[in-house]
>>> print(open('structure.cif').read())   # mmCIF, N, CA and C atoms and all ligand atoms
data_my_file
#
loop_
_atom_site.label_atom_id
_atom_site.label_comp_id
_atom_site.auth_asym_id
_atom_site.auth_seq_id
_atom_site.Cartn_x
_atom_site.Cartn_y
_atom_site.Cartn_z
N MET A 1 -32.79 36.56 51.14
CA MET A 1 -31.94 37.63 50.64
C MET A 1 -30.80 37.92 51.62
N VAL A 2 -29.72 38.34 51.06
CA VAL A 2 -28.53 38.68 51.84
C VAL A 2 -28.29 40.17 51.65
N LYS A 3 -28.11 40.88 52.74
CA LYS A 3 -27.90 42.32 52.64
C LYS A 3 -26.42 42.62 52.43
N LEU A 4 -26.15 43.41 51.38
CA LEU A 4 -24.81 43.93 51.15
C LEU A 4 -24.87 45.44 51.30
N VAL A 5 -23.82 46.02 51.82
CA VAL A 5 -23.74 47.48 51.93
C VAL A 5 -22.60 47.93 51.03
N VAL A 6 -22.95 48.65 49.98
CA VAL A 6 -22.01 48.99 48.92
C VAL A 6 -21.77 50.50 48.92
N THR A 7 -20.52 50.90 48.96
CA THR A 7 -20.16 52.30 48.74
C THR A 7 -19.68 52.43 47.31
N ASP A 8 -20.37 53.25 46.51
CA ASP A 8 -20.04 53.33 45.09
C ASP A 8 -18.87 54.28 44.83
N LYS A 9 -18.53 54.48 43.57
CA LYS A 9 -17.36 55.29 43.21
C LYS A 9 -17.53 56.75 43.60
N ASP A 10 -18.75 57.18 43.84
CA ASP A 10 -19.00 58.56 44.26
C ASP A 10 -19.14 58.69 45.77
N GLY A 11 -18.91 57.59 46.48
CA GLY A 11 -18.96 57.63 47.94
C GLY A 11 -20.36 57.47 48.52
N ARG A 12 -21.32 57.14 47.67
CA ARG A 12 -22.69 56.91 48.17
C ARG A 12 -22.82 55.49 48.70
N GLU A 13 -23.44 55.36 49.85
CA GLU A 13 -23.65 54.04 50.45
C GLU A 13 -25.05 53.55 50.09
N VAL A 14 -25.11 52.33 49.56
CA VAL A 14 -26.38 51.76 49.11
C VAL A 14 -26.53 50.37 49.72
N ALA A 15 -27.69 50.07 50.27
CA ALA A 15 -27.98 48.72 50.76
C ALA A 15 -28.60 47.92 49.62
N VAL A 16 -28.08 46.72 49.41
CA VAL A 16 -28.54 45.87 48.31
C VAL A 16 -29.06 44.56 48.90
N ASP A 17 -30.26 44.16 48.51
CA ASP A 17 -30.77 42.84 48.86
C ASP A 17 -30.28 41.88 47.78
N ALA A 18 -29.27 41.10 48.11
CA ALA A 18 -28.59 40.28 47.12
C ALA A 18 -29.16 38.87 47.09
N ARG A 19 -29.12 38.27 45.90
CA ARG A 19 -29.58 36.88 45.73
C ARG A 19 -28.42 35.93 45.94
N GLY A 20 -28.62 34.95 46.79
CA GLY A 20 -27.62 33.93 46.99
C GLY A 20 -27.40 33.11 45.74
N GLY A 21 -26.19 32.62 45.58
CA GLY A 21 -25.85 31.80 44.42
C GLY A 21 -25.37 32.60 43.23
N LEU A 22 -25.61 33.90 43.24
CA LEU A 22 -25.07 34.78 42.21
C LEU A 22 -23.84 35.47 42.79
N SER A 23 -23.00 36.00 41.92
CA SER A 23 -21.82 36.72 42.41
C SER A 23 -22.22 38.09 42.96
N ILE A 24 -21.32 38.67 43.71
CA ILE A 24 -21.55 40.05 44.15
C ILE A 24 -21.70 40.94 42.93
N MET A 25 -20.84 40.77 41.93
CA MET A 25 -20.93 41.59 40.72
C MET A 25 -22.32 41.52 40.11
N GLU A 26 -22.86 40.32 39.98
CA GLU A 26 -24.19 40.17 39.38
C GLU A 26 -25.27 40.86 40.21
N ASN A 27 -25.04 40.96 41.50
CA ASN A 27 -26.02 41.59 42.37
C ASN A 27 -25.90 43.11 42.41
N ILE A 28 -24.76 43.67 42.07
CA ILE A 28 -24.61 45.12 42.21
C ILE A 28 -24.42 45.82 40.87
N ARG A 29 -24.32 45.09 39.78
CA ARG A 29 -23.92 45.71 38.51
C ARG A 29 -24.92 46.74 38.00
N LEU A 30 -26.16 46.69 38.42
CA LEU A 30 -27.13 47.67 37.94
C LEU A 30 -27.11 48.96 38.74
N LEU A 31 -26.35 48.97 39.82
CA LEU A 31 -26.20 50.21 40.57
C LEU A 31 -25.34 51.16 39.76
N PRO A 32 -25.70 52.44 39.71
CA PRO A 32 -24.81 53.39 39.05
C PRO A 32 -23.47 53.45 39.78
N ARG A 33 -22.40 53.54 39.05
CA ARG A 33 -21.07 53.73 39.63
C ARG A 33 -20.63 52.54 40.50
N SER A 34 -20.99 51.35 40.05
CA SER A 34 -20.60 50.17 40.82
C SER A 34 -19.59 49.31 40.07
N GLY A 35 -19.05 49.81 38.97
CA GLY A 35 -18.07 49.05 38.19
C GLY A 35 -18.71 48.52 36.92
N GLU A 36 -17.95 48.51 35.85
CA GLU A 36 -18.52 48.17 34.55
C GLU A 36 -18.66 46.66 34.34
N ALA A 37 -17.78 45.89 34.92
CA ALA A 37 -17.82 44.42 34.77
C ALA A 37 -17.88 44.02 33.30
N ILE A 38 -16.99 44.56 32.52
CA ILE A 38 -17.11 44.44 31.06
C ILE A 38 -16.87 43.03 30.54
N CYS A 39 -16.20 42.17 31.28
CA CYS A 39 -16.00 40.80 30.78
C CYS A 39 -17.13 39.88 31.20
N GLY A 40 -18.07 40.41 31.98
CA GLY A 40 -19.24 39.61 32.35
C GLY A 40 -18.98 38.57 33.40
N GLY A 41 -17.87 38.70 34.12
CA GLY A 41 -17.60 37.76 35.21
C GLY A 41 -16.61 36.67 34.88
N MET A 42 -15.84 36.87 33.83
CA MET A 42 -14.89 35.84 33.37
C MET A 42 -13.50 36.00 33.98
N CYS A 43 -13.34 36.86 34.96
CA CYS A 43 -12.05 37.09 35.61
C CYS A 43 -11.01 37.57 34.59
N ALA A 44 -11.45 38.47 33.70
CA ALA A 44 -10.58 38.88 32.60
C ALA A 44 -10.49 40.39 32.40
N CYS A 45 -11.06 41.20 33.32
CA CYS A 45 -11.03 42.65 33.06
C CYS A 45 -10.68 43.49 34.29
N ALA A 46 -11.03 43.04 35.46
CA ALA A 46 -10.81 43.76 36.73
C ALA A 46 -11.62 45.04 36.84
N THR A 47 -12.62 45.23 35.98
CA THR A 47 -13.48 46.41 36.13
C THR A 47 -14.57 46.20 37.18
N CYS A 48 -14.51 45.08 37.88
CA CYS A 48 -15.42 44.82 39.00
C CYS A 48 -14.66 44.87 40.33
N HIS A 49 -13.51 45.54 40.31
CA HIS A 49 -12.64 45.63 41.49
C HIS A 49 -13.36 46.33 42.65
N VAL A 50 -13.32 45.68 43.81
CA VAL A 50 -13.90 46.27 45.02
C VAL A 50 -12.93 46.07 46.18
N TYR A 51 -13.14 46.86 47.22
CA TYR A 51 -12.44 46.66 48.49
C TYR A 51 -13.44 46.13 49.50
N VAL A 52 -13.15 44.98 50.04
CA VAL A 52 -13.99 44.40 51.09
C VAL A 52 -13.55 44.99 52.42
N ASP A 53 -14.52 45.36 53.26
CA ASP A 53 -14.15 45.87 54.57
C ASP A 53 -13.28 44.85 55.30
N ALA A 54 -12.28 45.34 56.00
CA ALA A 54 -11.24 44.47 56.57
C ALA A 54 -11.82 43.37 57.45
N GLU A 55 -12.88 43.68 58.19
CA GLU A 55 -13.43 42.67 59.11
C GLU A 55 -14.02 41.47 58.36
N TRP A 56 -14.34 41.67 57.06
CA TRP A 56 -14.94 40.60 56.27
C TRP A 56 -13.91 39.77 55.52
N VAL A 57 -12.72 40.26 55.40
CA VAL A 57 -11.70 39.56 54.61
C VAL A 57 -11.51 38.11 55.05
N PRO A 58 -11.39 37.82 56.37
CA PRO A 58 -11.17 36.42 56.77
C PRO A 58 -12.36 35.52 56.51
N LYS A 59 -13.53 36.10 56.26
CA LYS A 59 -14.74 35.29 56.06
C LYS A 59 -14.95 34.91 54.61
N LEU A 60 -14.09 35.37 53.73
CA LEU A 60 -14.22 35.09 52.30
C LEU A 60 -13.21 34.03 51.87
N PRO A 61 -13.54 33.28 50.81
CA PRO A 61 -12.53 32.40 50.24
C PRO A 61 -11.34 33.22 49.76
N ARG A 62 -10.17 32.63 49.77
CA ARG A 62 -8.98 33.35 49.31
C ARG A 62 -9.08 33.60 47.81
N ARG A 63 -8.31 34.57 47.34
CA ARG A 63 -8.25 34.84 45.90
C ARG A 63 -7.66 33.63 45.18
N SER A 64 -8.21 33.34 44.01
CA SER A 64 -7.60 32.32 43.16
C SER A 64 -6.33 32.91 42.53
N PHE A 65 -5.54 32.04 41.95
CA PHE A 65 -4.34 32.49 41.23
C PHE A 65 -4.72 33.49 40.14
N GLU A 66 -5.80 33.20 39.42
CA GLU A 66 -6.24 34.07 38.32
C GLU A 66 -6.71 35.43 38.85
N GLU A 67 -7.45 35.41 39.93
CA GLU A 67 -7.93 36.68 40.51
C GLU A 67 -6.76 37.52 40.99
N GLN A 68 -5.83 36.88 41.68
CA GLN A 68 -4.65 37.60 42.15
C GLN A 68 -3.90 38.24 40.97
N GLY A 69 -3.76 37.49 39.90
CA GLY A 69 -3.05 38.00 38.73
C GLY A 69 -3.73 39.18 38.09
N MET A 70 -5.05 39.19 38.10
CA MET A 70 -5.78 40.31 37.51
C MET A 70 -5.66 41.57 38.36
N LEU A 71 -5.52 41.42 39.66
CA LEU A 71 -5.55 42.58 40.56
C LEU A 71 -4.19 43.18 40.88
N GLN A 72 -3.18 42.38 40.98
CA GLN A 72 -1.96 42.82 41.65
C GLN A 72 -1.17 43.90 40.92
N ASP A 73 -1.39 44.07 39.64
CA ASP A 73 -0.65 45.10 38.91
C ASP A 73 -1.38 46.44 38.84
N HIS A 74 -2.56 46.51 39.44
CA HIS A 74 -3.30 47.77 39.42
C HIS A 74 -2.77 48.71 40.49
N ALA A 75 -2.70 49.99 40.13
CA ALA A 75 -2.22 50.99 41.09
C ALA A 75 -3.10 51.02 42.33
N SER A 76 -4.37 50.71 42.17
CA SER A 76 -5.31 50.79 43.28
C SER A 76 -5.40 49.47 44.07
N PHE A 77 -4.51 48.53 43.77
CA PHE A 77 -4.55 47.23 44.46
C PHE A 77 -4.24 47.37 45.94
N ASP A 78 -5.09 46.81 46.76
CA ASP A 78 -4.87 46.74 48.20
C ASP A 78 -4.63 45.26 48.53
N PRO A 79 -3.44 44.89 48.96
CA PRO A 79 -3.13 43.47 49.16
C PRO A 79 -4.08 42.76 50.11
N GLN A 80 -4.63 43.49 51.06
CA GLN A 80 -5.54 42.85 52.00
C GLN A 80 -6.98 42.84 51.49
N ARG A 81 -7.45 43.96 50.98
CA ARG A 81 -8.91 44.15 50.79
C ARG A 81 -9.39 44.03 49.36
N SER A 82 -8.50 44.07 48.37
CA SER A 82 -8.95 44.04 46.97
C SER A 82 -9.51 42.68 46.57
N ARG A 83 -10.65 42.72 45.90
CA ARG A 83 -11.26 41.52 45.33
C ARG A 83 -11.93 41.87 44.01
N LEU A 84 -12.12 40.85 43.19
CA LEU A 84 -12.98 40.98 42.02
C LEU A 84 -14.37 40.53 42.45
N SER A 85 -15.34 41.44 42.32
CA SER A 85 -16.67 41.09 42.86
C SER A 85 -17.33 39.97 42.07
N CYS A 86 -16.84 39.71 40.87
CA CYS A 86 -17.42 38.60 40.08
C CYS A 86 -16.94 37.24 40.57
N GLN A 87 -15.94 37.23 41.44
CA GLN A 87 -15.37 35.97 41.89
C GLN A 87 -15.84 35.57 43.28
N ILE A 88 -16.77 36.34 43.84
CA ILE A 88 -17.30 36.02 45.17
C ILE A 88 -18.78 35.70 45.03
N VAL A 89 -19.15 34.48 45.38
CA VAL A 89 -20.55 34.06 45.32
C VAL A 89 -21.23 34.43 46.63
N VAL A 90 -22.40 35.04 46.51
CA VAL A 90 -23.15 35.45 47.69
C VAL A 90 -23.74 34.23 48.39
N ARG A 91 -23.47 34.16 49.68
CA ARG A 91 -24.01 33.09 50.53
C ARG A 91 -24.60 33.74 51.79
N ASP A 92 -25.41 32.98 52.51
CA ASP A 92 -26.04 33.51 53.73
C ASP A 92 -25.02 34.03 54.72
N THR A 93 -23.85 33.41 54.74
CA THR A 93 -22.82 33.81 55.70
C THR A 93 -22.25 35.20 55.40
N LEU A 94 -22.60 35.75 54.24
CA LEU A 94 -22.10 37.09 53.89
C LEU A 94 -23.11 38.19 54.20
N ASP A 95 -24.17 37.85 54.91
CA ASP A 95 -25.18 38.86 55.24
C ASP A 95 -24.53 40.00 56.04
N GLY A 96 -24.68 41.22 55.54
CA GLY A 96 -24.10 42.38 56.18
C GLY A 96 -22.75 42.80 55.62
N LEU A 97 -22.26 42.07 54.64
CA LEU A 97 -20.95 42.38 54.03
C LEU A 97 -20.91 43.82 53.52
N ARG A 98 -19.82 44.48 53.85
CA ARG A 98 -19.63 45.86 53.41
C ARG A 98 -18.46 45.90 52.43
N LEU A 99 -18.63 46.64 51.35
CA LEU A 99 -17.57 46.76 50.35
C LEU A 99 -17.64 48.12 49.70
N THR A 100 -16.50 48.51 49.12
CA THR A 100 -16.38 49.80 48.44
C THR A 100 -15.88 49.55 47.03
N VAL A 101 -16.53 50.12 46.05
CA VAL A 101 -16.12 49.98 44.66
C VAL A 101 -14.82 50.75 44.45
N ALA A 102 -13.85 50.10 43.85
CA ALA A 102 -12.53 50.73 43.63
C ALA A 102 -12.64 51.85 42.60
N PRO A 103 -11.74 52.82 42.67
CA PRO A 103 -11.78 53.92 41.70
C PRO A 103 -11.37 53.43 40.31
N ASP A 104 -11.74 54.21 39.31
CA ASP A 104 -11.30 53.90 37.95
C ASP A 104 -9.79 54.03 37.86
N GLU A 105 -9.17 53.15 37.10
CA GLU A 105 -7.73 53.27 36.85
C GLU A 105 -7.53 54.35 35.80
N SER A 106 -6.57 55.25 36.00
CA SER A 106 -6.36 56.31 35.01
C SER A 106 -5.17 55.98 34.14
S1 LIG B 1 -16.30 41.29 35.60
FE1 LIG B 1 -14.40 41.18 34.56
S2 LIG B 1 -13.04 40.47 36.09
FE2 LIG B 1 -14.94 40.62 37.11
#
>>> encode(input="structure.cif", output="structure tokens")
Amino acid sequence: MVKLVVTDKDGREVAVDARGGLSIMENIRLLPRSGEAICGGMCACATCHVYVDAEWVPKLPRRSFEEQGMLQDHASFDPQRSRLSCQIVVRDTLDGLRLTVAPDES
């Protein structure tokens, strides 16, 4: 198991024992206030938007063209830290990863 530390939309910090090989979204979607993920991980909705803690950004694969396109027009987009949690696969190297669920777009 890989430990993720997730701050939800209400500011609550939750430790998650995540399964490798699944996306972050698949590992956190059952948490309340962790994002709706309405497209099911197809990189088509951005409701799984999260902010990765800055120290972890260099340890992740870069955003794909599609992921960048889904995120960049959102008011809450952070050029450094924004990611779609459905596009990051959990691996052992991500043990301890900290992330914050982005606010709802109004
Ligand atoms: S779940 Fe829809 S873009 Fe990630």
>>> residues_near_ligand(input="structure.cif", ligand="ligand LIG 1 (chain B)", cutoff="8 Å", atoms="all atoms listed in the file", output="PDB file with N, CA and C atoms, keeping the file's coordinate frame")
ATOM      1  N   MET A  25     -20.840  40.770  41.930  1.00  0.00           N
ATOM      2  CA  MET A  25     -20.930  41.590  40.720  1.00  0.00           C
ATOM      3  C   MET A  25     -22.320  41.520  40.110  1.00  0.00           C
ATOM      4  N   GLU A  26     -22.860  40.320  39.980  1.00  0.00           N
ATOM      5  CA  GLU A  26     -24.190  40.170  39.380  1.00  0.00           C
ATOM      6  C   GLU A  26     -25.270  40.860  40.210  1.00  0.00           C
ATOM      7  N   GLY A  35     -19.050  49.810  38.970  1.00  0.00           N
ATOM      8  CA  GLY A  35     -18.070  49.050  38.190  1.00  0.00           C
ATOM      9  C   GLY A  35     -18.710  48.520  36.920  1.00  0.00           C
ATOM     10  N   GLU A  36     -17.950  48.510  35.850  1.00  0.00           N
ATOM     11  CA  GLU A  36     -18.520  48.170  34.550  1.00  0.00           C
ATOM     12  C   GLU A  36     -18.660  46.660  34.340  1.00  0.00           C
ATOM     13  N   ALA A  37     -17.780  45.890  34.920  1.00  0.00           N
ATOM     14  CA  ALA A  37     -17.820  44.420  34.770  1.00  0.00           C
ATOM     15  C   ALA A  37     -17.880  44.020  33.300  1.00  0.00           C
ATOM     16  N   ILE A  38     -16.990  44.560  32.520  1.00  0.00           N
ATOM     17  CA  ILE A  38     -17.110  44.440  31.060  1.00  0.00           C
ATOM     18  C   ILE A  38     -16.870  43.030  30.540  1.00  0.00           C
ATOM     19  N   CYS A  39     -16.200  42.170  31.280  1.00  0.00           N
ATOM     20  CA  CYS A  39     -16.000  40.800  30.780  1.00  0.00           C
ATOM     21  C   CYS A  39     -17.130  39.880  31.200  1.00  0.00           C
ATOM     22  N   GLY A  40     -18.070  40.410  31.980  1.00  0.00           N
ATOM     23  CA  GLY A  40     -19.240  39.610  32.350  1.00  0.00           C
ATOM     24  C   GLY A  40     -18.980  38.570  33.400  1.00  0.00           C
ATOM     25  N   GLY A  41     -17.870  38.700  34.120  1.00  0.00           N
ATOM     26  CA  GLY A  41     -17.600  37.760  35.210  1.00  0.00           C
ATOM     27  C   GLY A  41     -16.610  36.670  34.880  1.00  0.00           C
ATOM     28  N   MET A  42     -15.840  36.870  33.830  1.00  0.00           N
ATOM     29  CA  MET A  42     -14.890  35.840  33.370  1.00  0.00           C
ATOM     30  C   MET A  42     -13.500  36.000  33.980  1.00  0.00           C
ATOM     31  N   CYS A  43     -13.340  36.860  34.960  1.00  0.00           N
ATOM     32  CA  CYS A  43     -12.050  37.090  35.610  1.00  0.00           C
ATOM     33  C   CYS A  43     -11.010  37.570  34.590  1.00  0.00           C
ATOM     34  N   ALA A  44     -11.450  38.470  33.700  1.00  0.00           N
ATOM     35  CA  ALA A  44     -10.580  38.880  32.600  1.00  0.00           C
ATOM     36  C   ALA A  44     -10.490  40.390  32.400  1.00  0.00           C
ATOM     37  N   CYS A  45     -11.060  41.200  33.320  1.00  0.00           N
ATOM     38  CA  CYS A  45     -11.030  42.650  33.060  1.00  0.00           C
ATOM     39  C   CYS A  45     -10.680  43.490  34.290  1.00  0.00           C
ATOM     40  N   ALA A  46     -11.030  43.040  35.460  1.00  0.00           N
ATOM     41  CA  ALA A  46     -10.810  43.760  36.730  1.00  0.00           C
ATOM     42  C   ALA A  46     -11.620  45.040  36.840  1.00  0.00           C
ATOM     43  N   THR A  47     -12.620  45.230  35.980  1.00  0.00           N
ATOM     44  CA  THR A  47     -13.480  46.410  36.130  1.00  0.00           C
ATOM     45  C   THR A  47     -14.570  46.200  37.180  1.00  0.00           C
ATOM     46  N   CYS A  48     -14.510  45.080  37.880  1.00  0.00           N
ATOM     47  CA  CYS A  48     -15.420  44.820  39.000  1.00  0.00           C
ATOM     48  C   CYS A  48     -14.660  44.870  40.330  1.00  0.00           C
ATOM     49  N   HIS A  49     -13.510  45.540  40.310  1.00  0.00           N
ATOM     50  CA  HIS A  49     -12.640  45.630  41.490  1.00  0.00           C
ATOM     51  C   HIS A  49     -13.360  46.330  42.650  1.00  0.00           C
ATOM     52  N   GLU A  67      -7.450  35.410  39.930  1.00  0.00           N
ATOM     53  CA  GLU A  67      -7.930  36.680  40.510  1.00  0.00           C
ATOM     54  C   GLU A  67      -6.760  37.520  40.990  1.00  0.00           C
ATOM     55  N   MET A  70      -5.050  39.190  38.100  1.00  0.00           N
ATOM     56  CA  MET A  70      -5.780  40.310  37.510  1.00  0.00           C
ATOM     57  C   MET A  70      -5.660  41.570  38.360  1.00  0.00           C
ATOM     58  N   ARG A  83     -10.650  42.720  45.900  1.00  0.00           N
ATOM     59  CA  ARG A  83     -11.260  41.520  45.330  1.00  0.00           C
ATOM     60  C   ARG A  83     -11.930  41.870  44.010  1.00  0.00           C
ATOM     61  N   LEU A  84     -12.120  40.850  43.190  1.00  0.00           N
ATOM     62  CA  LEU A  84     -12.980  40.980  42.020  1.00  0.00           C
ATOM     63  C   LEU A  84     -14.370  40.530  42.450  1.00  0.00           C
ATOM     64  N   SER A  85     -15.340  41.440  42.320  1.00  0.00           N
ATOM     65  CA  SER A  85     -16.670  41.090  42.860  1.00  0.00           C
ATOM     66  C   SER A  85     -17.330  39.970  42.070  1.00  0.00           C
ATOM     67  N   CYS A  86     -16.840  39.710  40.870  1.00  0.00           N
ATOM     68  CA  CYS A  86     -17.420  38.600  40.080  1.00  0.00           C
ATOM     69  C   CYS A  86     -16.940  37.240  40.570  1.00  0.00           C
ATOM     70  N   GLN A  87     -15.940  37.230  41.440  1.00  0.00           N
ATOM     71  CA  GLN A  87     -15.370  35.970  41.890  1.00  0.00           C
ATOM     72  C   GLN A  87     -15.840  35.570  43.280  1.00  0.00           C
TER      73      GLN A  87
END
>>> residues_around(input="structure.cif", residues="region 93-101 of chain A", least_positions_apart="6", cutoff="6 Å", atoms="all atoms listed in the file", output="VMD selection string")
chain A and resid 2 to 9 34 49 to 53
>>> atom_distance(input="structure.cif", atom1="CA of Ser64 (chain A)", atom2="CA of Ile28 (chain A)")
21.3 Å
>>> closest_residue(input="structure.cif", among="A:Ile88, A:Ala54, A:Ala102, A:Ala75", to="Ile24 (chain A)", atoms="all atoms listed in the file")
A:Ile88
>>> select_by_dssp(input="structure.cif", residues="chain A", states="strand (DSSP E or B)", output="count of residues only")
26
>>> residues_near_point(input="structure.cif", point="(-5.3, 42.6, 48.0)", cutoff="9 Å", atoms="only C-alpha atoms", output="mmCIF file with N, CA and C atoms, keeping the file's coordinate frame")
data_model
loop_
_atom_site.group_PDB
_atom_site.id
_atom_site.type_symbol
_atom_site.label_atom_id
_atom_site.label_comp_id
_atom_site.auth_asym_id
_atom_site.auth_seq_id
_atom_site.Cartn_x
_atom_site.Cartn_y
_atom_site.Cartn_z
ATOM 1 N N TYR A 51 -13.140 46.860 47.220
ATOM 2 C CA TYR A 51 -12.440 46.660 48.490
ATOM 3 C C TYR A 51 -13.440 46.130 49.500
ATOM 4 N N ARG A 63 -8.310 34.570 47.340
ATOM 5 C CA ARG A 63 -8.250 34.840 45.900
ATOM 6 C C ARG A 63 -7.660 33.630 45.180
ATOM 7 N N GLN A 68 -5.830 36.880 41.680
ATOM 8 C CA GLN A 68 -4.650 37.600 42.150
ATOM 9 C C GLN A 68 -3.900 38.240 40.970
ATOM 10 N N LEU A 71 -5.520 41.420 39.660
ATOM 11 C CA LEU A 71 -5.550 42.580 40.560
ATOM 12 C C LEU A 71 -4.190 43.180 40.880
ATOM 13 N N GLN A 72 -3.180 42.380 40.980
ATOM 14 C CA GLN A 72 -1.960 42.820 41.650
ATOM 15 C C GLN A 72 -1.170 43.900 40.920
ATOM 16 N N PHE A 77 -4.510 48.530 43.770
ATOM 17 C CA PHE A 77 -4.550 47.230 44.460
ATOM 18 C C PHE A 77 -4.240 47.370 45.940
ATOM 19 N N ASP A 78 -5.090 46.810 46.760
ATOM 20 C CA ASP A 78 -4.870 46.740 48.200
ATOM 21 C C ASP A 78 -4.630 45.260 48.530
ATOM 22 N N PRO A 79 -3.440 44.890 48.960
ATOM 23 C CA PRO A 79 -3.130 43.470 49.160
ATOM 24 C C PRO A 79 -4.080 42.760 50.110
ATOM 25 N N GLN A 80 -4.630 43.490 51.060
ATOM 26 C CA GLN A 80 -5.540 42.850 52.000
ATOM 27 C C GLN A 80 -6.980 42.840 51.490
ATOM 28 N N ARG A 81 -7.450 43.960 50.980
ATOM 29 C CA ARG A 81 -8.910 44.150 50.790
ATOM 30 C C ARG A 81 -9.390 44.030 49.360
ATOM 31 N N SER A 82 -8.500 44.070 48.370
ATOM 32 C CA SER A 82 -8.950 44.040 46.970
ATOM 33 C C SER A 82 -9.510 42.680 46.570
ATOM 34 N N ARG A 83 -10.650 42.720 45.900
ATOM 35 C CA ARG A 83 -11.260 41.520 45.330
ATOM 36 C C ARG A 83 -11.930 41.870 44.010
#
>>> atom_distance(input="structure.cif", atom1="atom N of Gly20 (chain A)", atom2="atom C of Arg91 (chain A)")
6.5 Å
>>> atom_distance(input="structure.cif", atom1="CA of Pro32 (chain A)", atom2="CA of Arg19 (chain A)")
18.4 Å
>>> select_by_dssp(input="structure.cif", residues="region 34-71 of chain A", states="alpha helix (DSSP H)", output="PyMOL selection string")
chain A and resi 65-71
>>> axis_aligned_box(input="structure.cif", around="region 29-34 of chain A", padding_each_side="6 Å", output="lines of an AutoDock Vina configuration file")
center_x = -23.4
center_y = 49.4
center_z = 39.4
size_x = 19.5
size_y = 20.6
size_z = 14.9
